[in-house]
Amino acid sequence: MKRGTAARRAVLRDLEHIGLRLREVFRHPSQSPAARHPVHAAHRLLGLLKASAEGARDTRRLKRDFPALADLDGSVGKAVRELEATYQEYVTMISRWDWAISLELAAVLMACCRLLRPTRILDAGSGYSSYVLRRYGAEALRPIHVTSVDDDPEWLEETRGYLMRQGLSANDTLTWDEFKGQDRGEFDLVLHDLGHENERLRTLSDVLTLVRPGGAVLLDDVGNPHMERYGPYARRMLSARRFRAYSLRALTRERGYSRYAMLGVRL
Ligand SMILES: C[S@@+](CC[C@H](N)C(=O)[O-])C[C@H]1O[C@@H](n2cnc3c(N)ncnc32)[C@H](O)[C@@H]1O
């Protein structure tokens with residue numbers, strides 16, 4: 001796959017979406033919500049264009065700043081093909097798809113692991129992400145330590161059962177409260193996907209302190225319409241805590257759903 005193709009595809013998809021909305025306005029003005037509320041519609045389209053341009057630009061910045069990620073697109077494509085079957089089964093049999101991370105983010109998570117080779121990983125918000133990270137741990141040639149935490153003990157139990165049925169280690173799975181009571185030091189890579197919006201807002205500050213300098217945090221659900229406060233808050237926190245932030249929208253936005261992830265690298 002050529003460099004930058006994922007970013008280009010994402011921008012084309014957004015332009016196609018905008019084109020469809022505009023066509024609707026001109027063809028069926030009486031039925032189009034955008035024609036009835038033009039200011040609101042224009043505001044939304046401008047927001048979409050801005051997020052789209054930021055996503056494409058940040059994918060380029062990321063590859064420039066981290067030469068290890070130069071072939072991120074290729075590695076993500078490979079991970080999608082490898083994970084697709086288990087992911088579809090997971091979101092059919094185990095969890096609702098909008099609770100689990102997206103297949104796109106699962107593939108970026110696996111690709112980041114393979115290319116950046118973290119050895120200490122925190123999986124905050126257990127589920128399919130726990131499977132991805134432990135599968136990376138099982139394939140790696142050196143010891144990888146994955147800690148999975150969850151605010152919901154019952155859900156954690158569900159995750160343990162799933163990991164064991166998949167033949168993966170369910171070691172070091174604990175509740176957020178247990179985890180907070182221990183000093184586990186810092187992590188090379190952290191995925192923050194704990195609970196819903198309130199838990200996310202409440203725990204982000206603590207989670208960011210767990211990333212080692214030079215380490216990375218992946219924040220899911222930026223741009224999620226059901227978590228409107230979270231995206232702006234996460235951006236402010238990353239900047240205040242001296243993380244360099246990258247929108248992963250071009251790589252992690254699902255078709256038809258506006259949630260995507262951001263990557264923060266601690267300076
Ligand atoms: C935002 S997600 C975490 C998803 C996880 N990272 C994954 O990749 O599947 C799910 C959060 O919702 C909670 N949860 C509770 N019941 C759940 C259910 N039936 N399905 C999925 N998540 C559930 C858990 O506390 C968990 O932290």
# chains A, B, ... in the order shown; residues from 1 in each chain; ligands from 1
>>> residues_near_ligand(ligand="ligand 1", cutoff="6 Å", atoms="only C-alpha atoms and all ligand atoms", output="MDAnalysis selection string")
chainID A and resid 95:96 99:101 125:129 150:152 155 193:196
>>> closest_residue(among="A:Tyr257, A:Tyr162, A:Tyr136, A:Tyr233", to="Glu197 (chain A)", atoms="only C-alpha atoms")
A:Tyr233
>>> residues_around(residues="Tyr246 (chain A)", least_positions_apart="2", cutoff="8 Å", atoms="only C-alpha atoms", output="list in words")
Gly55, Asp58, Thr59, Arg61, Leu62, Arg244, Leu248, Met262, Leu263 and Gly264 of chain A
>>> closest_residue(among="A:Lys63, A:Leu103, A:Thr92, A:Ala250", to="Leu12 (chain A)", atoms="only C-alpha atoms")
A:Ala250
